[in-house]
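As provided, query03.csv (CSV, C-alpha atoms) reads as follows.
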```csv
chain,number,residue,atom,x,y,z
K,1,MET,CA,91.7,115.5,75.5
K,2,ASP,CA,91.3,111.7,75.5
K,3,LYS,CA,91.2,111.8,79.3
K,4,LEU,CA,88.5,114.4,79.4
K,5,ILE,CA,86.3,112.5,76.9
K,6,ARG,CA,86.7,109.3,79.0
K,7,GLN,CA,85.8,111.2,82.1
K,8,LEU,CA,82.7,112.6,80.4
K,9,ILE,CA,81.6,109.2,79.1
K,10,PHE,CA,82.1,107.7,82.6
K,11,LEU,CA,80.0,110.5,84.3
K,12,VAL,CA,77.2,110.2,81.8
K,13,TYR,CA,76.6,106.5,82.1
K,14,THR,CA,77.3,106.4,85.9
K,15,LEU,CA,75.2,109.3,86.9
K,16,ILE,CA,72.6,110.0,84.2
K,17,LEU,CA,72.3,106.5,82.8
K,18,ARG,CA,73.0,104.6,86.1
K,19,TRP,CA,69.7,102.7,86.4
K,20,PRO,CA,69.4,102.0,82.6
K,21,ILE,CA,72.9,100.4,82.8
K,22,TRP,CA,71.9,98.2,85.7
K,23,LEU,CA,68.7,97.2,83.7
K,24,LEU,CA,70.8,96.3,80.7
K,25,ILE,CA,73.1,94.2,82.9
K,26,TRP,CA,70.1,92.4,84.3
K,27,ILE,CA,68.6,91.8,80.8
K,28,PHE,CA,71.8,90.4,79.3
K,29,GLY,CA,72.5,88.5,82.5
K,30,ARG,CA,69.2,86.6,82.0
K,31,GLY,CA,70.7,85.2,78.7
K,32,GLY,CA,73.9,83.9,80.5
K,33,MET,CA,76.2,86.4,78.8
K,34,PHE,CA,78.3,87.3,81.8
K,35,LYS,CA,80.6,84.7,83.4
K,36,THR,CA,82.7,86.9,85.7
K,37,LEU,CA,83.0,90.2,87.5
K,38,PHE,CA,86.3,91.9,88.3
K,39,LEU,CA,86.8,94.8,90.8
K,40,ILE,CA,89.7,97.2,90.4
K,41,TYR,CA,91.0,100.1,92.4
K,42,PRO,CA,93.5,103.0,91.7
K,43,THR,CA,97.0,102.8,92.8
K,44,ASP,CA,97.6,106.5,92.5
K,45,HIS,CA,95.8,109.8,91.8
K,46,SER,CA,96.4,109.7,88.0
K,47,GLU,CA,94.5,106.4,87.7
K,48,CYS,CA,91.5,108.0,89.4
K,49,LEU,CA,91.6,110.8,86.9
K,50,ASP,CA,91.4,108.2,84.0
K,51,PHE,CA,87.8,107.7,85.1
K,52,CYS,CA,86.5,110.6,87.1
K,53,PRO,CA,87.3,114.3,87.6
K,54,ASP,CA,88.9,115.2,90.9
K,55,ILE,CA,85.8,116.7,92.5
K,56,LYS,CA,85.2,116.1,96.2
K,57,TRP,CA,81.5,115.2,96.1
K,58,LEU,CA,82.1,112.8,93.2
K,59,ARG,CA,84.8,111.0,95.2
K,60,LYS,CA,82.5,110.8,98.1
K,61,PHE,CA,79.6,109.5,96.0
K,62,PHE,CA,81.7,106.7,94.3
K,63,ALA,CA,83.6,105.7,97.5
K,64,GLY,CA,82.8,102.1,98.4
K,65,ARG,CA,80.4,101.9,95.5
K,66,PRO,CA,81.6,99.5,92.8
K,67,THR,CA,80.7,101.1,89.5
K,68,PRO,CA,80.7,99.4,86.0
K,69,ALA,CA,83.7,100.8,84.1
K,70,GLY,CA,84.0,98.4,81.1
K,71,LEU,CA,83.6,94.9,79.7
K,72,ILE,CA,85.8,91.9,79.6
K,73,MET,CA,85.7,90.7,76.0
K,74,ASP,CA,86.4,87.3,74.4
K,75,GLY,CA,86.7,88.4,70.7
K,76,TRP,CA,83.5,90.2,70.0
K,77,HIS,CA,81.6,88.6,72.9
K,78,PRO,CA,81.3,90.2,76.3
K,79,ILE,CA,82.0,87.6,79.0
K,80,GLY,CA,82.4,89.8,82.0
K,81,ILE,CA,82.1,93.3,83.6
K,82,TYR,CA,84.9,95.1,85.4
K,83,LEU,CA,83.9,97.6,88.1
K,84,VAL,CA,85.9,100.3,89.8
K,85,ILE,CA,86.1,101.9,93.2
K,86,PRO,CA,88.1,105.1,93.9
K,87,ASN,CA,89.4,103.9,97.2
K,88,SER,CA,93.2,103.1,97.5
K,89,ALA,CA,94.5,100.0,99.1
K,90,LEU,CA,96.0,102.0,102.0
K,91,GLU,CA,92.5,103.5,102.6
K,92,LEU,CA,90.8,100.2,102.6
K,93,MET,CA,93.4,98.7,104.9
K,94,GLN,CA,92.4,101.0,107.8
K,95,ARG,CA,90.4,99.4,110.6
K,96,LYS,CA,88.0,102.2,110.7
K,97,ASN,CA,87.0,101.5,107.0
K,98,ARG,CA,85.8,97.9,107.7
K,99,PRO,CA,82.2,99.0,107.3
K,100,MET,CA,83.1,100.3,103.8
K,101,VAL,CA,84.8,97.0,102.9
K,102,GLU,CA,81.7,95.1,104.0
K,103,THR,CA,79.5,97.4,101.9
K,104,ILE,CA,81.8,96.7,98.9
K,105,ILE,CA,81.4,92.9,99.3
K,106,ARG,CA,77.6,93.2,99.8
K,107,ARG,CA,77.3,95.4,96.6
K,108,MET,CA,79.5,93.0,94.6
K,109,LEU,CA,77.2,90.1,95.6
K,110,TRP,CA,74.2,92.2,94.4
K,111,VAL,CA,75.8,92.8,91.0
K,112,GLN,CA,76.6,89.1,90.8
K,113,LYS,CA,72.9,88.3,91.5
K,114,ILE,CA,71.5,90.6,88.7
K,115,SER,CA,74.3,89.7,86.2
K,116,ARG,CA,74.2,85.9,87.0
K,117,ALA,CA,78.0,85.9,86.8
K,118,LYS,CA,79.7,82.8,88.3
K,119,THR,CA,82.7,84.4,89.9
K,120,ILE,CA,83.9,87.7,91.4
K,121,GLY,CA,87.6,88.6,91.0
K,122,LEU,CA,89.5,91.1,93.2
K,123,ALA,CA,92.4,93.0,91.8
K,124,GLY,CA,95.8,93.3,93.4
K,125,GLN,CA,95.8,93.7,97.2
K,126,LEU,CA,92.0,93.7,97.7
K,127,GLY,CA,91.8,89.9,98.5
K,128,PRO,CA,94.6,89.9,101.1
K,129,ILE,CA,93.2,93.2,102.6
K,130,PHE,CA,89.7,91.8,102.9
K,131,GLU,CA,90.8,88.5,104.4
K,132,LYS,CA,94.0,89.2,106.4
K,133,ARG,CA,93.2,92.7,107.6
K,134,HIS,CA,89.5,92.5,108.1
K,135,GLY,CA,88.9,88.8,108.6
K,136,LEU,CA,86.4,88.4,105.8
K,137,PRO,CA,87.0,85.0,104.2
K,138,MET,CA,87.7,84.9,100.4
K,139,GLU,CA,85.5,82.0,99.4
K,140,PRO,CA,83.7,81.4,96.1
K,141,PRO,CA,82.3,83.3,94.3
K,142,PHE,CA,85.1,85.6,95.4
K,143,TYR,CA,88.6,84.9,94.1
K,144,SER,CA,91.8,86.6,95.3
K,145,SER,CA,94.7,87.3,93.1
K,146,THR,CA,97.4,84.9,94.5
K,147,TYR,CA,97.2,82.0,92.0
K,148,GLY,CA,97.2,84.4,89.1
K,149,ASN,CA,100.2,86.3,90.4
K,150,ILE,CA,102.2,83.2,90.9
K,151,PHE,CA,101.3,81.8,87.5
K,152,SER,CA,102.3,85.1,85.8
K,153,ILE,CA,105.7,85.4,87.5
K,154,GLN,CA,106.5,81.7,86.9
K,155,LYS,CA,105.6,82.1,83.2
K,156,ALA,CA,107.6,85.3,82.9
K,157,VAL,CA,110.7,83.7,84.5
K,158,SER,CA,110.4,80.7,82.3
K,159,HIS,CA,110.1,82.8,79.2
K,160,LEU,CA,113.1,84.9,80.1
K,161,THR,CA,115.1,81.8,80.9
K,162,LYS,CA,114.4,80.2,77.6
K,163,ALA,CA,115.2,83.5,75.8
K,164,ALA,CA,118.6,83.5,77.5
K,165,LYS,CA,119.1,79.8,76.4
K,166,LYS,CA,119.6,78.6,79.9
K,167,ASN,CA,118.0,75.9,82.1
K,168,PRO,CA,116.5,76.8,85.5
K,169,ARG,CA,119.5,75.3,87.4
K,170,GLN,CA,121.8,77.9,85.7
K,171,VAL,CA,119.6,80.8,86.8
K,172,CYS,CA,119.9,82.8,90.1
K,173,LEU,CA,116.8,84.7,91.2
K,174,ALA,CA,116.2,87.2,94.0
K,175,VAL,CA,112.8,88.2,95.3
K,176,VAL,CA,112.6,91.7,96.8
K,177,GLY,CA,109.7,92.3,99.2
K,178,GLY,CA,108.2,89.0,100.0
K,179,GLY,CA,105.2,88.5,102.3
K,180,LEU,CA,102.8,85.6,101.6
K,181,LEU,CA,103.3,85.9,97.8
K,182,GLY,CA,107.1,85.9,98.2
K,183,GLU,CA,107.0,82.8,100.4
K,184,GLN,CA,104.9,80.9,97.8
K,185,LEU,CA,107.1,82.1,94.9
K,186,GLU,CA,110.2,80.8,96.8
K,187,LYS,CA,108.6,77.4,97.1
K,188,HIS,CA,107.2,77.1,93.5
K,189,LEU,CA,110.3,78.6,91.8
K,190,GLY,CA,112.5,76.5,93.9
K,191,ASP,CA,110.5,73.4,92.9
K,192,ASP,CA,111.1,74.5,89.2
K,193,GLY,CA,114.9,74.2,89.9
K,194,TYR,CA,115.8,77.9,90.2
K,195,HIS,CA,118.3,79.2,92.8
K,196,ILE,CA,116.3,81.7,94.7
K,197,SER,CA,117.0,84.1,97.6
K,198,MET,CA,114.8,86.5,99.5
K,199,VAL,CA,115.8,90.1,100.1
K,200,ASP,CA,114.0,91.1,103.3
K,201,VAL,CA,112.5,94.6,103.9
K,202,ARG,CA,110.6,96.3,106.7
K,203,TYR,CA,107.8,98.9,106.5
K,204,THR,CA,107.8,102.1,108.5
K,205,ARG,CA,104.7,103.6,110.1
K,206,LYS,CA,104.8,106.2,107.3
K,207,GLY,CA,104.5,103.5,104.7
K,208,ASP,CA,108.1,103.7,103.5
K,209,VAL,CA,110.2,100.7,102.8
K,210,LYS,CA,113.7,100.0,104.2
K,211,LEU,CA,116.1,97.1,103.7
K,212,MET,CA,116.5,94.9,106.7
K,213,ASP,CA,120.3,94.4,106.1
K,214,GLU,CA,121.9,96.4,103.3
K,215,GLU,CA,125.1,94.5,103.3
K,216,GLN,CA,123.3,91.1,103.0
K,217,ALA,CA,121.1,92.6,100.2
K,218,ARG,CA,124.3,93.6,98.3
K,219,ARG,CA,125.7,90.1,98.5
K,220,GLN,CA,122.4,88.6,97.4
K,221,LEU,CA,121.8,90.9,94.5
K,222,GLY,CA,125.4,91.2,93.2
K,223,ALA,CA,125.3,88.1,90.9
K,224,VAL,CA,121.6,87.4,90.1
K,225,ASP,CA,120.2,87.0,86.6
K,226,PHE,CA,116.6,88.1,87.5
K,227,VAL,CA,115.2,90.2,90.3
K,228,ILE,CA,111.5,89.9,91.1
K,229,ASN,CA,110.3,93.2,92.6
K,230,LEU,CA,107.3,92.7,94.9
K,231,LEU,CA,107.5,96.1,96.6
K,232,PRO,CA,104.2,97.9,96.5
K,233,ARG,CA,105.4,100.9,94.4
K,234,GLY,CA,108.2,101.5,91.9
K,235,LYS,CA,109.1,104.4,94.1
K,236,ASP,CA,110.0,102.1,96.9
K,237,PHE,CA,112.5,100.2,94.7
K,238,LEU,CA,114.2,103.5,93.8
K,239,ASP,CA,114.2,104.8,97.4
K,240,CYS,CA,116.0,101.6,98.6
K,241,ARG,CA,118.6,102.2,95.8
K,242,LEU,CA,118.4,98.6,94.8
K,243,HIS,CA,119.3,99.3,91.2
K,244,ARG,CA,122.8,100.3,92.4
K,245,GLN,CA,123.4,96.9,93.9
K,246,ILE,CA,122.1,94.9,91.0
K,247,ALA,CA,124.3,94.1,87.9
K,248,GLU,CA,123.4,96.1,84.8
K,249,THR,CA,123.1,92.8,82.9
K,250,ALA,CA,120.3,91.6,85.2
K,251,THR,CA,116.6,91.8,84.3
K,252,ILE,CA,114.0,93.2,86.8
K,253,ILE,CA,110.6,91.5,86.7
K,254,ASP,CA,108.5,94.3,88.2
K,255,PHE,CA,105.3,93.7,90.0
K,256,SER,CA,104.8,97.1,91.6
K,257,ARG,CA,102.1,99.7,90.8
K,258,PRO,CA,102.9,102.4,89.8
K,259,PRO,CA,105.8,100.6,88.2
K,260,ILE,CA,109.5,101.4,88.2
K,261,PRO,CA,110.1,104.1,85.5
K,262,PRO,CA,112.3,102.3,82.9
K,263,GLN,CA,114.4,105.5,82.3
K,264,ALA,CA,115.3,105.7,85.9
K,265,ILE,CA,117.6,102.6,86.1
K,266,PRO,CA,120.1,101.0,83.7
K,267,GLN,CA,118.7,97.5,84.0
K,268,LYS,CA,116.1,96.0,81.7
K,269,ILE,CA,112.6,96.1,83.2
K,270,VAL,CA,109.7,93.8,82.2
K,271,MET,CA,106.3,93.7,83.7
K,272,GLY,CA,105.6,90.5,85.6
K,273,ASN,CA,101.9,91.1,86.3
K,274,ARG,CA,100.5,90.7,82.8
K,275,VAL,CA,99.2,87.7,81.0
K,276,GLN,CA,97.2,87.2,77.8
K,277,ARG,CA,94.8,84.9,76.0
K,278,ASN,CA,94.2,85.1,72.3
K,279,GLY,CA,91.2,87.4,71.6
K,280,MET,CA,90.6,88.4,75.2
K,281,HIS,CA,90.8,92.0,76.3
K,282,PHE,CA,89.4,94.7,78.5
K,283,PHE,CA,87.1,97.4,77.0
K,284,MET,CA,87.5,100.2,78.0
K,285,ARG,CA,91.2,99.7,78.3
K,286,LEU,CA,92.5,99.6,81.9
K,287,PRO,CA,94.2,102.7,83.3
K,288,GLY,CA,97.9,102.6,84.0
K,289,GLY,CA,99.6,102.0,80.6
K,290,TRP,CA,98.1,98.6,79.8
K,291,GLN,CA,98.3,97.3,76.2
K,292,ARG,CA,95.1,96.1,74.6
K,293,HIS,CA,96.1,92.4,74.6
K,294,GLU,CA,97.4,92.5,78.2
K,295,LEU,CA,95.3,91.1,81.1
K,296,PRO,CA,96.1,91.7,84.8
K,297,ALA,CA,97.4,88.6,86.4
K,298,CYS,CA,95.1,89.2,89.3
K,299,SER,CA,92.1,88.7,87.1
K,300,MET,CA,93.1,85.1,86.2
K,301,PRO,CA,91.7,83.2,89.1
K,302,SER,CA,88.1,84.4,88.5
K,303,LEU,CA,88.5,84.0,84.7
K,304,VAL,CA,89.9,80.5,85.0
K,305,ALA,CA,87.2,79.5,87.5
K,306,SER,CA,84.5,80.7,85.2
K,307,LEU,CA,85.9,79.3,81.9
K,308,ALA,CA,87.7,76.0,82.9
K,309,ALA,CA,85.9,72.7,83.3
K,310,LEU,CA,88.5,71.6,85.9
K,311,PRO,CA,88.4,72.1,89.7
K,312,VAL,CA,91.1,74.3,91.2
K,313,SER,CA,92.2,73.7,94.8
K,314,ASN,CA,96.0,74.1,94.5
K,315,MET,CA,98.6,75.7,92.3
K,316,ALA,CA,99.2,72.5,90.2
K,317,GLU,CA,95.5,72.3,89.3
K,318,PHE,CA,95.5,76.0,88.5
K,319,HIS,CA,98.4,75.6,86.1
K,320,LEU,CA,96.4,72.8,84.4
K,321,ALA,CA,93.2,74.8,84.2
K,322,ALA,CA,95.1,77.9,82.9
K,323,GLY,CA,96.7,75.8,80.2
K,324,GLN,CA,93.3,74.4,79.2
K,325,CYS,CA,92.1,78.0,78.8
K,326,GLN,CA,95.3,78.9,76.9
K,327,PHE,CA,96.6,81.7,79.1
K,328,TYR,CA,100.3,82.6,78.8
K,329,THR,CA,102.7,85.4,79.7
K,330,ALA,CA,102.3,88.8,78.0
K,331,LEU,CA,106.1,88.9,77.6
K,332,ALA,CA,105.7,86.5,74.6
K,333,GLY,CA,104.4,89.5,72.6
K,334,ALA,CA,101.0,90.4,71.3
K,335,PRO,CA,99.1,87.4,70.1
K,336,VAL,CA,98.3,87.0,66.4
K,337,GLN,CA,94.8,88.1,65.6
K,338,ARG,CA,92.4,85.4,64.3
K,339,HIS,CA,91.8,87.1,61.0
K,340,GLN,CA,95.5,87.5,60.5
K,341,ALA,CA,96.2,83.8,61.3
K,342,ILE,CA,93.5,82.8,58.7
K,343,GLY,CA,95.1,85.1,56.1
K,344,ASP,CA,98.6,83.8,56.7
K,345,ARG,CA,97.3,80.2,56.3
K,346,LEU,CA,95.6,81.0,53.0
K,347,ARG,CA,98.7,82.8,51.7
K,348,GLY,CA,100.9,79.9,52.8
K,349,PHE,CA,98.6,77.4,51.2
K,350,THR,CA,98.6,79.2,47.8
K,351,ALA,CA,102.4,79.7,47.9
K,352,LEU,CA,103.0,76.1,48.6
K,353,HIS,CA,100.5,74.8,46.1
K,354,PRO,CA,100.6,77.0,43.0
K,355,ILE,CA,99.1,74.2,41.0
K,356,VAL,CA,95.9,74.7,43.0
K,357,ASN,CA,95.7,78.4,41.8
K,358,ARG,CA,96.2,77.3,38.2
K,359,CYS,CA,93.5,74.7,38.4
K,360,MET,CA,91.1,77.2,39.9
K,361,LEU,CA,91.9,79.8,37.2
K,362,PHE,CA,91.4,77.2,34.4
K,363,PHE,CA,88.1,76.2,35.9
K,364,LEU,CA,86.8,79.8,36.1
K,365,ARG,CA,87.9,80.6,32.6
K,366,SER,CA,86.4,77.4,31.1
K,367,ARG,CA,82.9,77.9,32.7
K,368,PRO,CA,80.2,78.3,30.0
K,369,THR,CA,78.6,81.6,29.8
K,370,PHE,CA,74.8,82.1,29.4
K,371,SER,CA,73.1,85.0,27.7
K,372,GLY,CA,69.6,86.1,28.5
```
Conversion result in structure tokens:
Amino acid sequence: MDKLIRQLIFLVYTLILRWPIWLLIWIFGRGGMFKTLFLIYPTDHSECLDFCPDIKWLRKFFAGRPTPAGLIMDGWHPIGIYLVIPNSALELMQRKNRPMVETIIRRMLWVQKISRAKTIGLAGQLGPIFEKRHGLPMEPPFYSSTYGNIFSIQKAVSHLTKAAKKNPRQVCLAVVGGGLLGEQLEKHLGDDGYHISMVDVRYTRKGDVKLMDEEQARRQLGAVDFVINLLPRGKDFLDCRLHRQIAETATIIDFSRPPIPPQAIPQKIVMGNRVQRNGMHFFMRLPGGWQRHELPACSMPSLVASLAALPVSNMAEFHLAAGQCQFYTALAGAPVQRHQAIGDRLRGFTALHPIVNRCMLFFLRSRPTFSG
């Protein structure tokens, strides 16, 4: 029922109220409300259905057409808009769809112009697909996901290491998948002091994933504390039977979408692609099982660039700017709401200082009363 209501709302404001919505974005953009735009895409059919009914002409209408799907909120204040396209990463990767990719970029620049947003963020694989596959440079105002992904995984590993009461040099990590993100993680986590190994895979023409060397993978995974899964889908992890080669005491930091089903394997699974910032959330909530306080790591580069007063040209500067903006891993648990924090402080103050309560009570009782 919730899905049907969401689909109905989406169709009403994207079809019937389409131009009034763009007019509102233009009006509020004149006041400097919007700081960033963020473009998302579905990773499977179910995420498409969270927005739009599965009707052929609707899919064709929205294809390559970024459509407002919700707001990025900082407390009660909208600071950004997130938009959605129904096209999958595999579809956008095809050479024949380069004109569609160029259309998406052109339309996002138009939305930026009318909203006066500073930055445009690209979810997940969009940045690498646009740049590496189609040769379209990702330069400001466009921000790819890489720095946010590295930050999120580093913070997740650090949080789990501290929870295990270990230091980095006592921890063994394995990265499954790799690519450009894996290479950068190997460098940055190695610089942090972790022992890290790369489990190499190959991709078939059908899009399936195979281990390059199963015997070597078994040796690498047999005694690790954490496994970082960078395979595109949770299904790929299961098809490679990696969970049978990893100790049951290990923790898997999953970065795939759709993720590994927790009930399918004995190891503990945590999501490595989620960060948070007190008071910041997406409205409407993102599809795919996201909690209200969780922000996708791929949204961080555009958010940090729009919020921070520091320049960002490398990972060290990004960490500094993200710290200034108070981003941290979602594994730390839901942040305390501001009204709860104020209430806790007041309760603590009155508990620690009962004499204050007695003085206030005496003052109220001793006030003179006036009769008319």
* To do: Identify which of the residues K:Lys187, K:Lys155, K:Lys60, K:His195 lies closest to Arg169 in chain K, counting all atoms listed in the file when measuring atom-to-atom distances.
  => K:His195
* Please provide the set of residues having any atom within 8 Å of range 106-108 of chain K, restricted to all atoms listed in the file, with same-chain residues fewer than 3 positions apart removed, written as a ChimeraX atom specification. => /K:65-66,102-103,111-112,120
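Residue nearest Asn87 in chain K within the list K:Ser313, K:Thr161, K:Ser256, K:Thr43: K:Thr43 [criterion: smallest interatomic distance, only C-alpha atoms].
Close contacts of Thr36 in chain K, defined as residues with an atom at most 9 Å away when counting only C-alpha atoms, with chain neighbours fewer than 5 positions off set aside, comprise K:Ile72, K:Ile79, K:Gly80, K:Ile81, K:Tyr82, K:Gln112, K:Ser115, K:Arg116, K:Ala117, K:Lys118, K:Thr119, K:Ile120, K:Gly121, K:Ser302, K:Leu303, K:Ala305, K:Ser306.
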* Within 8 Å of Ile153 in chain K, counting all atoms listed in the file, which residues qualify if same-chain residues fewer than 2 places away don't, as a PyMOL selection string? -> chain K and resi 149-151+155-157+253+272-273
* Considering only C-alpha atoms, return as number ranges by chain whatever protein or nucleic-acid residues lie within 9 Å of range 178-181 of chain K, sequence-local ones (same chain, fewer than 2 positions apart) excluded. => K: 146, 149-150, 175-176, 183-186, 198-201, 229-231
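Remark: for Arg285 in chain K, the closest of the candidate residues K:Gly32, K:Gly70, K:Pro42, K:Pro232 is K:Gly70 (distances computed over all atoms listed in the file).
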* **Spatial neighbours of range 95-97 of chain K, 10 Å, only C-alpha atoms, chain gap at least 4 places, as a ChimeraX atom specification** => /K:64,91,101-103,133-134
* To do: Calculate how many Å separate CA of Lys235 in chain K from CA of Lys268 in chain K, rounding to one decimal.
  =>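 Taking CA of Lys235 in chain K and CA of Lys268 in chain K, their separation equals 16.5 Å.
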* **Among the residues K:Lys165, K:Arg59, K:Lys206, K:Lys35, the one that comes closest to Leu11 in chain K [using all atoms listed in the file]** =>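 Closest to Leu11 in chain K of all the choices is K:Arg59.
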* Asked: Between K:Asp2, K:Asp254, K:Asp192, K:Glu47, which has the minimum distance to Gly177 in chain K (counting only C-alpha atoms)?
  ->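 Among the listed residues, K:Asp254 lies closest to Gly177 in chain K.
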